[in-house]
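Undergrad: Below you'll find query-v4.cif; it's mmCIF, C-alpha atoms.
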```cif
data_query
#
loop_
_atom_site.label_atom_id
_atom_site.label_comp_id
_atom_site.auth_asym_id
_atom_site.auth_seq_id
_atom_site.Cartn_x
_atom_site.Cartn_y
_atom_site.Cartn_z
CA MET A 1242 98.77 91.74 24.95
CA GLN A 1243 98.11 88.07 25.70
CA ILE A 1244 97.19 86.94 29.22
CA ASN A 1245 98.40 83.57 30.45
CA LEU A 1246 95.38 82.24 32.31
CA ALA A 1247 97.45 79.41 33.79
CA LYS A 1248 99.32 81.90 35.96
CA ILE A 1249 96.26 83.64 37.32
CA LYS A 1250 95.40 82.64 40.93
CA ILE A 1251 91.71 82.65 41.66
CA VAL A 1252 90.99 83.89 45.19
CA ASP A 1253 87.64 82.85 46.61
CA PHE A 1254 86.71 85.58 49.10
CA PRO A 1255 84.14 84.58 51.71
CA LYS A 1256 80.76 86.14 51.47
CA PRO A 1257 80.27 89.17 53.75
CA GLY A 1258 77.93 87.20 56.00
CA VAL A 1259 80.51 84.47 56.62
CA LYS A 1260 83.22 87.04 57.32
CA ASN A 1261 81.02 88.71 59.93
CA ILE A 1262 80.26 85.36 61.59
CA LEU A 1263 83.98 84.53 61.76
CA SER A 1264 84.67 87.93 63.33
CA ILE A 1265 81.93 87.47 65.93
CA ASP A 1266 83.18 83.97 66.84
CA TRP A 1267 86.76 85.23 67.22
CA ASN A 1268 85.70 88.12 69.42
CA GLY A 1269 83.61 85.80 71.56
CA TRP A 1270 86.48 83.35 71.98
CA LEU A 1271 88.90 86.18 72.82
CA LYS A 1272 86.48 87.55 75.44
CA ARG A 1273 86.17 84.12 77.06
CA GLN A 1274 89.96 83.77 77.17
CA GLN A 1275 90.26 87.07 79.04
CA GLN A 1276 87.81 86.02 81.76
CA THR A 1277 89.06 84.82 85.13
CA ILE A 1278 87.11 82.64 87.53
CA ILE A 1279 87.90 83.02 91.22
CA LEU A 1280 86.53 80.87 94.04
CA PHE A 1281 85.64 81.85 97.61
CA ASP A 1282 85.20 79.79 100.77
CA SER A 1283 81.50 80.59 101.02
CA VAL A 1284 78.56 81.32 98.74
CA ASN A 1285 77.71 84.56 100.57
CA ALA A 1286 81.25 85.85 100.19
CA ALA A 1287 81.21 85.16 96.44
CA SER A 1288 77.90 87.00 96.06
CA ASP A 1289 79.12 90.01 98.06
CA VAL A 1290 82.45 90.27 96.24
CA ALA A 1291 80.77 89.95 92.83
CA PHE A 1292 78.57 92.92 93.76
CA MET A 1293 81.52 94.98 95.04
CA LEU A 1294 83.78 94.32 92.06
CA ASN A 1295 81.11 94.25 89.35
CA GLY A 1296 81.80 90.58 88.66
CA GLU A 1297 79.37 87.87 87.59
CA TRP A 1298 78.30 85.62 90.47
CA ASP A 1299 77.73 82.02 89.34
CA GLY A 1300 75.15 81.29 92.04
CA SER A 1301 77.64 79.20 94.00
CA ASN A 1302 81.08 80.13 95.36
CA GLY A 1303 82.53 81.37 92.05
CA VAL A 1304 82.84 84.83 90.50
CA VAL A 1305 83.62 85.48 86.83
CA MET A 1306 85.82 88.55 86.36
CA GLN A 1307 86.57 90.21 83.04
CA LYS A 1308 89.78 91.55 84.55
CA CYS A 1309 91.15 90.26 87.86
CA ASP A 1310 92.89 92.87 90.00
CA GLU A 1311 94.36 90.80 92.86
CA ILE A 1312 94.76 93.83 95.13
CA ALA A 1313 91.07 94.70 94.70
CA VAL A 1314 90.04 91.07 95.24
CA ASP A 1315 92.17 90.82 98.40
CA ALA A 1316 90.64 94.04 99.76
CA ALA A 1317 87.09 92.87 99.03
CA ALA A 1318 87.76 89.42 100.50
CA ASN A 1319 89.17 90.96 103.68
CA LEU A 1320 86.05 93.11 104.05
CA VAL A 1321 83.81 90.02 104.08
CA GLY A 1322 86.32 87.87 105.99
CA ALA A 1323 86.78 85.34 103.19
CA SER A 1324 89.57 83.43 101.48
CA TRP A 1325 89.85 83.01 97.72
CA CYS A 1326 91.84 81.29 95.01
CA TYR A 1327 91.84 80.94 91.24
CA GLN A 1328 89.67 78.17 89.83
CA SER A 1329 92.76 76.41 88.48
CA ALA A 1330 94.60 76.56 91.82
CA CYS A 1331 95.71 73.28 93.33
CA GLU A 1332 94.39 74.27 96.77
CA ALA A 1333 90.72 73.51 97.22
CA VAL A 1334 88.39 76.05 98.79
CA LEU A 1335 86.48 74.10 101.42
CA LEU A 1336 83.23 74.80 103.17
CA GLN A 1337 83.28 75.53 106.89
CA LEU A 1338 84.06 72.37 108.87
CA ASN A 1339 81.65 71.74 111.70
CA VAL A 1340 83.42 71.39 115.07
CA ASP A 1341 81.27 68.40 116.05
CA GLN A 1342 82.26 66.67 112.81
CA LEU A 1343 85.93 67.32 113.57
CA ARG A 1344 85.56 65.92 117.09
CA ARG A 1345 83.75 62.79 115.85
CA ARG A 1346 86.32 62.13 113.12
CA TYR A 1347 89.20 62.72 115.52
CA ALA A 1348 87.65 60.37 118.10
CA ILE A 1349 87.61 57.48 115.60
CA GLY A 1350 91.25 58.04 114.67
CA ASP A 1351 91.12 60.51 111.76
CA ARG A 1352 94.02 62.96 111.99
CA TYR A 1353 94.00 64.48 108.49
CA PHE A 1354 92.25 67.84 108.21
CA ILE A 1355 94.46 69.46 105.57
CA ASN A 1356 93.00 72.72 104.16
CA ALA A 1357 90.14 72.59 106.67
CA ASN A 1358 88.17 75.80 107.06
CA LEU A 1359 87.82 76.35 110.82
CA ARG A 1360 87.93 80.13 110.96
CA CYS A 1361 86.13 81.73 113.93
CA THR A 1362 85.38 78.30 115.47
CA ASN A 1363 85.58 77.42 119.18
CA LEU A 1364 88.12 74.62 119.66
CA SER A 1365 89.15 75.53 123.20
CA GLN A 1366 90.21 72.90 125.74
CA LEU A 1367 90.16 70.05 123.20
CA CYS A 1368 92.77 67.32 122.83
CA LEU A 1369 93.95 67.41 119.21
CA SER A 1370 97.48 66.12 119.53
CA ASP A 1371 99.11 64.76 116.33
CA ILE A 1372 96.40 66.36 114.18
CA ASN A 1373 97.30 67.49 110.66
CA LEU A 1374 95.93 70.99 110.07
CA SER A 1375 98.45 72.07 107.46
CA TRP A 1376 97.19 74.92 105.24
CA ALA A 1377 94.07 75.10 107.43
CA LYS A 1378 92.10 78.31 108.00
CA LEU A 1379 92.15 78.94 111.76
CA ASN A 1380 92.09 82.71 111.77
CA LEU A 1381 90.05 84.21 114.62
CA ALA A 1382 89.52 80.72 116.09
CA ASN A 1383 89.50 80.07 119.85
CA LEU A 1384 92.11 77.44 120.74
CA CYS A 1385 92.65 78.52 124.32
CA GLY A 1386 94.08 75.66 126.38
CA THR A 1387 93.88 73.20 123.48
CA ASN A 1388 96.36 70.32 123.27
CA LEU A 1389 98.05 70.58 119.84
CA SER A 1390 101.26 68.80 120.78
CA LYS A 1391 103.04 67.35 117.74
CA ALA A 1392 100.34 68.86 115.49
CA ASN A 1393 101.17 69.71 111.89
CA LEU A 1394 100.18 73.34 111.29
CA THR A 1395 102.46 73.97 108.31
CA ALA A 1396 101.43 77.12 106.41
CA ALA A 1397 98.19 77.37 108.40
CA ASP A 1398 96.45 80.75 108.66
CA ILE A 1399 96.14 81.34 112.42
CA THR A 1400 95.98 85.14 112.36
CA ALA A 1401 94.31 86.89 115.29
CA ALA A 1402 93.44 83.54 116.90
CA ASN A 1403 93.43 82.82 120.65
CA LEU A 1404 96.06 80.19 121.49
CA SER A 1405 96.69 81.32 125.05
CA GLY A 1406 97.80 78.44 127.26
CA CYS A 1407 97.84 76.16 124.21
CA ASN A 1408 100.09 73.09 124.20
CA LEU A 1409 102.14 73.31 120.98
CA ASN A 1410 105.02 71.14 122.18
CA GLN A 1411 106.96 69.86 119.12
CA ALA A 1412 104.30 71.25 116.77
CA GLN A 1413 105.16 71.97 113.14
CA LEU A 1414 104.42 75.65 112.46
CA VAL A 1415 106.69 76.18 109.45
CA ARG A 1416 105.50 79.19 107.40
CA ALA A 1417 102.41 79.48 109.60
CA ASN A 1418 100.78 82.92 109.78
CA LEU A 1419 100.45 83.82 113.46
CA ALA A 1420 100.23 87.59 113.05
CA SER A 1421 98.39 89.28 115.94
CA THR A 1422 97.78 85.86 117.54
CA ASN A 1423 97.50 85.44 121.31
CA LEU A 1424 100.17 82.88 122.30
CA SER A 1425 100.57 84.04 125.89
CA ARG A 1426 101.55 81.19 128.25
CA ALA A 1427 101.65 78.79 125.29
CA ASP A 1428 103.96 75.78 125.46
CA LEU A 1429 106.09 76.01 122.30
CA THR A 1430 108.98 73.87 123.50
CA GLY A 1431 110.64 72.13 120.59
CA ALA A 1432 108.18 73.65 118.10
CA ASN A 1433 109.31 74.39 114.55
CA LEU A 1434 108.49 78.05 113.84
CA SER A 1435 110.94 78.55 111.00
CA ARG A 1436 109.76 81.22 108.54
CA ALA A 1437 106.60 81.71 110.58
CA CYS A 1438 104.96 85.14 110.71
CA LEU A 1439 104.70 86.32 114.33
CA ILE A 1440 104.22 90.02 113.66
CA ASP A 1441 102.47 91.68 116.64
CA ALA A 1442 101.95 88.27 118.26
CA ASP A 1443 101.44 88.09 122.04
CA LEU A 1444 104.12 85.72 123.37
CA ARG A 1445 104.11 86.89 126.99
CA ASP A 1446 105.21 84.11 129.37
CA ALA A 1447 105.33 81.62 126.47
CA ASP A 1448 107.81 78.73 126.69
CA LEU A 1449 110.00 78.83 123.58
CA ARG A 1450 112.85 76.69 124.83
CA GLY A 1451 114.23 74.52 122.04
CA ALA A 1452 111.93 76.12 119.46
CA ASN A 1453 113.24 76.71 115.93
CA LEU A 1454 112.76 80.42 115.15
CA SER A 1455 115.05 80.63 112.12
CA GLN A 1456 113.85 83.30 109.66
CA ALA A 1457 110.70 83.86 111.75
CA GLU A 1458 109.27 87.39 111.57
CA LEU A 1459 108.96 88.72 115.14
CA ARG A 1460 108.48 92.41 114.42
CA GLY A 1461 106.21 93.94 117.05
CA ALA A 1462 105.87 90.68 119.02
CA ASN A 1463 105.52 90.91 122.80
CA LEU A 1464 108.08 88.56 124.40
CA ASN A 1465 107.84 89.83 127.98
CA GLY A 1466 108.47 86.95 130.38
CA ALA A 1467 108.95 84.43 127.57
CA LEU A 1468 111.41 81.58 128.10
CA VAL A 1469 113.78 81.33 125.14
#
```
Before we go any further, please render this structure as C-alpha coordinates.
TA:
Amino acid sequence: MQINLAKIKIVDFPKPGVKNILSIDWNGWLKRQQQTIILFDSVNAASDVAFMLNGEWDGSNGVVMQKCDEIAVDAAANLVGASWCYQSACEAVLLQLNVDQLRRRYAIGDRYFINANLRCTNLSQLCLSDINLSWAKLNLANLCGTNLSKANLTAADITAANLSGCNLNQAQLVRANLASTNLSRADLTGANLSRACLIDADLRDADLRGANLSQAELRGANLNGALV
(Lines of atoms letter the chains of each structure in order from A and count residues from 1; the text may use other names and numbers.)
(Lines give C-alpha, C1' and ligand atoms only; values in the text may rest on other atoms or scores of the structure.)
Protein backbone atom coordinates (compact mmCIF):
# COMPACT_ATOMS: atom_id res chain seq x y z
CA MET A 1 0.00 0.00 0.00
CA GLN A 2 1.34 3.43 -0.98
CA ILE A 3 0.95 6.41 1.36
CA ASN A 4 0.40 9.85 -0.13
CA LEU A 5 2.57 12.05 2.07
CA ALA A 6 1.02 15.19 0.58
CA LYS A 7 -2.27 14.42 2.34
CA ILE A 8 -0.77 13.83 5.76
CA LYS A 9 -1.29 16.77 8.18
CA ILE A 10 1.53 17.22 10.63
CA VAL A 11 0.25 18.29 14.05
CA ASP A 12 2.79 19.99 16.27
CA PHE A 13 1.68 19.24 19.84
CA PRO A 14 3.05 21.61 22.48
CA LYS A 15 5.55 20.24 24.88
CA PRO A 16 4.08 19.12 28.22
CA GLY A 17 5.69 22.06 30.01
CA VAL A 18 4.04 24.61 27.71
CA LYS A 19 0.66 22.90 28.06
CA ASN A 20 0.90 23.10 31.84
CA ILE A 21 1.84 26.79 31.69
CA LEU A 22 -1.15 27.53 29.45
CA SER A 23 -3.43 25.68 31.86
CA ILE A 24 -2.08 27.60 34.86
CA ASP A 25 -2.49 30.96 33.07
CA TRP A 26 -6.07 30.12 32.08
CA ASN A 27 -7.00 29.07 35.60
CA GLY A 28 -5.45 32.23 37.00
CA TRP A 29 -7.33 34.43 34.55
CA LEU A 30 -10.60 32.61 35.28
CA LYS A 31 -10.09 33.05 39.04
CA ARG A 32 -9.49 36.79 38.59
CA GLN A 33 -12.65 37.09 36.50
CA GLN A 34 -14.71 35.50 39.28
CA GLN A 35 -13.48 37.97 41.91
CA THR A 36 -15.64 40.90 42.96
CA ILE A 37 -14.37 44.09 44.55
CA ILE A 38 -16.74 45.94 46.86
CA LEU A 39 -16.15 49.34 48.44
CA PHE A 40 -17.24 50.64 51.85
CA ASP A 41 -17.60 54.16 53.22
CA SER A 42 -14.80 53.70 55.73
CA VAL A 43 -11.54 51.81 56.08
CA ASN A 44 -12.57 50.26 59.41
CA ALA A 45 -15.81 48.95 57.93
CA ALA A 46 -13.95 47.32 55.04
CA SER A 47 -11.53 45.64 57.44
CA ASP A 48 -14.33 44.36 59.68
CA VAL A 49 -16.45 43.05 56.80
CA ALA A 50 -13.46 41.33 55.19
CA PHE A 51 -12.88 39.49 58.48
CA MET A 52 -16.56 38.53 58.84
CA LEU A 53 -17.00 37.30 55.27
CA ASN A 54 -13.54 35.80 54.77
CA GLY A 55 -12.73 38.37 52.10
CA GLU A 56 -9.38 39.97 51.29
CA TRP A 57 -9.04 43.48 52.70
CA ASP A 58 -6.98 45.75 50.41
CA GLY A 59 -5.73 47.95 53.26
CA SER A 60 -8.07 50.77 52.25
CA ASN A 61 -11.87 50.77 51.83
CA GLY A 62 -12.04 47.82 49.42
CA VAL A 63 -12.68 44.10 49.93
CA VAL A 64 -11.95 41.42 47.33
CA MET A 65 -14.54 38.63 47.39
CA GLN A 66 -14.25 35.34 45.55
CA LYS A 67 -18.02 35.09 45.57
CA CYS A 68 -20.23 38.06 46.47
CA ASP A 69 -23.42 37.19 48.34
CA GLU A 70 -25.29 40.52 48.49
CA ILE A 71 -27.51 39.38 51.36
CA ALA A 72 -24.46 38.47 53.44
CA VAL A 73 -22.72 41.74 52.53
CA ASP A 74 -25.82 43.76 53.46
CA ALA A 75 -26.08 41.96 56.81
CA ALA A 76 -22.39 42.52 57.59
CA ALA A 77 -22.56 46.17 56.51
CA ASN A 78 -25.59 46.77 58.74
CA LEU A 79 -23.75 45.28 61.70
CA VAL A 80 -20.93 47.81 61.35
CA GLY A 81 -23.24 50.65 60.27
CA ALA A 82 -21.66 51.07 56.83
CA SER A 83 -22.72 51.59 53.24
CA TRP A 84 -21.21 49.73 50.30
CA CYS A 85 -21.22 49.52 46.52
CA TYR A 86 -19.48 47.60 43.76
CA GLN A 87 -16.19 49.04 42.54
CA SER A 88 -17.70 49.65 39.10
CA ALA A 89 -20.76 51.46 40.51
CA CYS A 90 -21.37 54.99 39.31
CA GLU A 91 -22.03 56.21 42.87
CA ALA A 92 -18.88 57.13 44.73
CA VAL A 93 -18.34 56.01 48.30
CA LEU A 94 -17.26 59.15 50.13
CA LEU A 95 -15.47 59.64 53.40
CA GLN A 96 -17.34 61.22 56.29
CA LEU A 97 -17.90 64.93 55.65
CA ASN A 98 -16.88 67.13 58.55
CA VAL A 99 -19.74 69.36 59.76
CA ASP A 100 -17.44 72.38 60.07
CA GLN A 101 -16.36 71.88 56.45
CA LEU A 102 -20.00 71.76 55.37
CA ARG A 103 -20.78 74.96 57.28
CA ARG A 104 -17.78 76.79 55.80
CA ARG A 105 -18.58 75.70 52.25
CA TYR A 106 -22.25 76.60 52.68
CA ALA A 107 -21.33 80.03 54.08
CA ILE A 108 -19.35 80.91 50.94
CA GLY A 109 -22.21 79.88 48.67
CA ASP A 110 -21.59 76.17 47.98
CA ARG A 111 -24.89 74.29 47.84
CA TYR A 112 -23.82 71.01 46.20
CA PHE A 113 -23.22 68.14 48.62
CA ILE A 114 -24.45 65.26 46.46
CA ASN A 115 -23.58 61.80 47.90
CA ALA A 116 -22.19 63.41 51.06
CA ASN A 117 -21.65 61.05 53.97
CA LEU A 118 -23.13 62.81 57.01
CA ARG A 119 -24.43 59.82 58.95
CA CYS A 120 -24.66 60.28 62.74
CA THR A 121 -23.66 63.97 62.47
CA ASN A 122 -25.16 66.85 64.47
CA LEU A 123 -26.69 69.38 62.07
CA SER A 124 -29.37 70.70 64.41
CA GLN A 125 -30.58 74.30 64.27
CA LEU A 126 -28.57 75.13 61.13
CA CYS A 127 -29.82 77.10 58.13
CA LEU A 128 -29.28 74.90 55.07
CA SER A 129 -32.04 76.10 52.78
CA ASP A 130 -31.64 75.31 49.05
CA ILE A 131 -28.88 72.79 49.80
CA ASN A 132 -28.47 69.80 47.47
CA LEU A 133 -28.10 66.63 49.55
CA SER A 134 -29.44 64.21 46.97
CA TRP A 135 -28.27 60.61 47.54
CA ALA A 136 -26.61 61.77 50.77
CA LYS A 137 -26.15 59.52 53.81
CA LEU A 138 -28.00 61.21 56.68
CA ASN A 139 -29.09 58.16 58.61
CA LEU A 140 -29.04 58.63 62.40
CA ALA A 141 -28.17 62.33 61.93
CA ASN A 142 -29.58 65.05 64.20
CA LEU A 143 -31.39 67.68 62.11
CA CYS A 144 -33.73 68.89 64.84
CA GLY A 145 -34.97 72.40 64.07
CA THR A 146 -32.81 72.70 60.94
CA ASN A 147 -33.97 74.88 58.05
CA LEU A 148 -34.00 72.66 54.93
CA SER A 149 -36.60 74.62 53.00
CA LYS A 150 -36.36 73.99 49.25
CA ALA A 151 -33.56 71.49 49.88
CA ASN A 152 -32.95 68.68 47.40
CA LEU A 153 -32.95 65.39 49.33
CA THR A 154 -33.79 63.12 46.40
CA ALA A 155 -33.04 59.46 47.21
CA ALA A 156 -31.22 60.46 50.41
CA ASP A 157 -30.87 57.89 53.20
CA ILE A 158 -32.40 59.61 56.24
CA THR A 159 -33.38 56.50 58.19
CA ALA A 160 -33.75 56.80 61.96
CA ALA A 161 -32.70 60.47 61.85
CA ASN A 162 -34.10 63.25 64.06
CA LEU A 163 -35.91 65.85 61.93
CA SER A 164 -38.32 67.00 64.62
CA GLY A 165 -39.35 70.63 64.10
CA CYS A 166 -37.38 70.69 60.84
CA ASN A 167 -38.37 73.15 58.12
CA LEU A 168 -38.79 71.07 54.94
CA ASN A 169 -41.10 73.50 53.16
CA GLN A 170 -41.04 72.73 49.39
CA ALA A 171 -38.18 70.26 49.87
CA GLN A 172 -37.57 67.54 47.30
CA LEU A 173 -37.76 64.16 49.06
CA VAL A 174 -38.55 61.95 46.07
CA ARG A 175 -37.55 58.32 46.80
CA ALA A 176 -35.96 59.40 50.08
CA ASN A 177 -35.68 56.74 52.77
CA LEU A 178 -37.26 58.16 55.94
CA ALA A 179 -38.03 54.87 57.66
CA SER A 180 -38.22 55.20 61.46
CA THR A 181 -37.36 58.92 61.17
CA ASN A 182 -38.63 61.47 63.69
CA LEU A 183 -40.56 64.09 61.68
CA SER A 184 -42.79 65.25 64.52
CA ARG A 185 -43.79 68.93 64.19
CA ALA A 186 -41.88 69.15 60.90
CA ASP A 187 -43.02 71.67 58.30
CA LEU A 188 -43.53 69.60 55.12
CA THR A 189 -45.86 72.01 53.36
CA GLY A 190 -45.49 71.71 49.61
CA ALA A 191 -42.79 69.04 49.96
CA ASN A 192 -42.44 66.36 47.29
CA LEU A 193 -42.53 62.98 49.07
CA SER A 194 -43.54 60.89 46.08
CA ARG A 195 -42.27 57.30 46.35
CA ALA A 196 -40.61 58.12 49.67
CA CYS A 197 -40.31 55.44 52.33
CA LEU A 198 -42.01 56.60 55.55
CA ILE A 199 -42.41 53.21 57.19
CA ASP A 200 -42.71 53.62 61.00
CA ALA A 201 -41.95 57.35 60.68
CA ASP A 202 -43.09 59.70 63.45
CA LEU A 203 -45.23 62.38 61.76
CA ARG A 204 -47.13 63.55 64.84
CA ASP A 205 -48.26 67.18 64.51
CA ALA A 206 -46.37 67.50 61.19
CA ASP A 207 -47.70 69.95 58.60
CA LEU A 208 -48.26 68.02 55.36
CA ARG A 209 -50.58 70.47 53.64
CA GLY A 210 -49.89 70.58 49.91
CA ALA A 211 -47.30 67.79 50.15
CA ASN A 212 -47.07 65.24 47.34
CA LEU A 213 -47.44 61.78 48.92
CA SER A 214 -48.15 59.81 45.74
CA GLN A 215 -46.86 56.22 46.01
CA ALA A 216 -45.25 57.02 49.38
CA GLU A 217 -45.02 54.08 51.79
CA LEU A 218 -46.69 55.09 55.07
CA ARG A 219 -47.09 51.67 56.68
CA GLY A 220 -46.76 51.99 60.45
CA ALA A 221 -46.33 55.79 60.34
CA ASN A 222 -47.74 57.82 63.24
CA LEU A 223 -49.90 60.64 61.81
CA ASN A 224 -51.62 61.71 65.04
CA GLY A 225 -52.33 65.43 64.91
CA ALA A 226 -50.77 65.83 61.46
CA LEU A 227 -52.23 68.43 59.11
CA VAL A 228 -52.90 66.88 55.70
Undergrad: Using the chain letters and numbers from this file, what does the PyMOL selection byres ((chain A and resi 1322) around 12) select? Give the answer as an NGL selection string.
TA: :A and (1281-1283 or 1285-1287 or 1289-1290 or 1314-1321 or 1323-1325 or 1360-1361 or 1378 or 1380-1381 or 1400)
Undergrad: So what does the PyMOL selection byres ((chain A and resi 1388) around 10) actually pick up in this one, as a list in words?
TA: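 Checked against the file, the PyMOL selection byres ((chain A and resi 1388) around 10) matches Leu1364, Ser1365, Gln1366, Leu1367, Cys1368, Leu1369, Ser1370, Asp1371, Ile1372, Leu1384, Cys1385, Gly1386, Thr1387, Leu1389, Ser1390, Lys1391, Ala1392, Gly1406, Cys1407, Asn1408, Leu1409, Asn1410 and Asp1428 of chain A.
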Undergrad: List every protein, DNA or RNA residue that has at least one atom no more than 9 Å from (111.0, 90.0, 126.5) in the file's coordinates, counting only C-alpha atoms, and write the result as a PyMOL selection string.
TA: chain A and resi 1444-1446+1463-1468
Undergrad: Quick check, in Å to one decimal: how far apart do CA of Leu1343 in chain A and CA of Val1304 in chain A lie?
TA: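 One can read the CA of Leu1343 in chain A to CA of Val1304 in chain A distance as 29.1 Å.
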Undergrad: Find the residue from A:Leu1359, A:Ala1427, A:Ala1447, A:Ala1396 that sits nearest to Trp1376 in chain A; use only C-alpha atoms when measuring.
TA: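 Once distances to Trp1376 in chain A are computed over only C-alpha atoms, the minimum belongs to A:Ala1396.
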Undergrad: Quick check, in Å to one decimal: how far apart do CA of Val1469 in chain A and CA of Arg1426 in chain A lie?
TA: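 CA of Arg1426 in chain A lies 12.6 Å from CA of Val1469 in chain A.
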Undergrad: Determine the residue membership of the PyMOL selection byres ((chain A and resi 1457) around 6) for the file above and supply it as a list in words.
TA: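 Evaluating the PyMOL selection byres ((chain A and resi 1457) around 6) on this file yields Ser1435, Arg1436, Ala1437, Cys1438, Leu1454, Ser1455, Gln1456 and Glu1458 of chain A.
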Undergrad: Just how far from CA of Arg1346 in chain A is CA of Leu1419 in chain A, in Å to one decimal?
TA: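 Calculated distance between CA of Leu1419 in chain A and CA of Arg1346 in chain A is 25.9 Å.
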Undergrad: Using only C-alpha atoms, which residue out of A:Ile1279, A:Ala1357, A:Leu1374, A:Leu1429 lies closest to Asp1299 in chain A?
TA: A:Ile1279
Undergrad: Please identify all polymer residues within 8 Å of Thr1362 in chain A, counting all atoms listed in the file, omitting same-chain residues fewer than 4 positions from it, and present them as a VMD selection string.
TA: chain A and resid 1340 1379 1381 to 1383
Undergrad: So which residues fall inside 6 Å of (104.7, 76.9, 106.0) if we count all atoms listed in the file? Mind giving them as a list in words?
TA: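 Within 6 Å of (104.7, 76.9, 106.0), the protein and nucleic acid residues are Thr1395, Ala1396, Val1415, Arg1416 and Ala1417 of chain A.
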Undergrad: Would you give the centre and edge lengths, in Å to one decimal, of a box along x, y and z around the listed atoms of range 1423-1433 of chain A, with 3 Å added to each side, as JSON?
TA:
```
{"center_x": 104.1, "center_y": 78.8, "center_z": 121.4, "size_x": 19.1, "size_y": 19.3, "size_z": 19.7}
```
Undergrad: Would you mind listing what lies within 6 Å of Thr1422 in chain A as a ChimeraX atom specification, with all atoms listed in the file counted and same-chain residues fewer than 5 positions away left out?
TA: /A:1400-1402,1442
Undergrad: When distances are computed from all atoms listed in the file, which of A:Ser1301, A:Asn1295, A:Ser1421, A:Thr1430 shows the smallest separation from Gly1461 in chain A?
TA: A:Ser1421
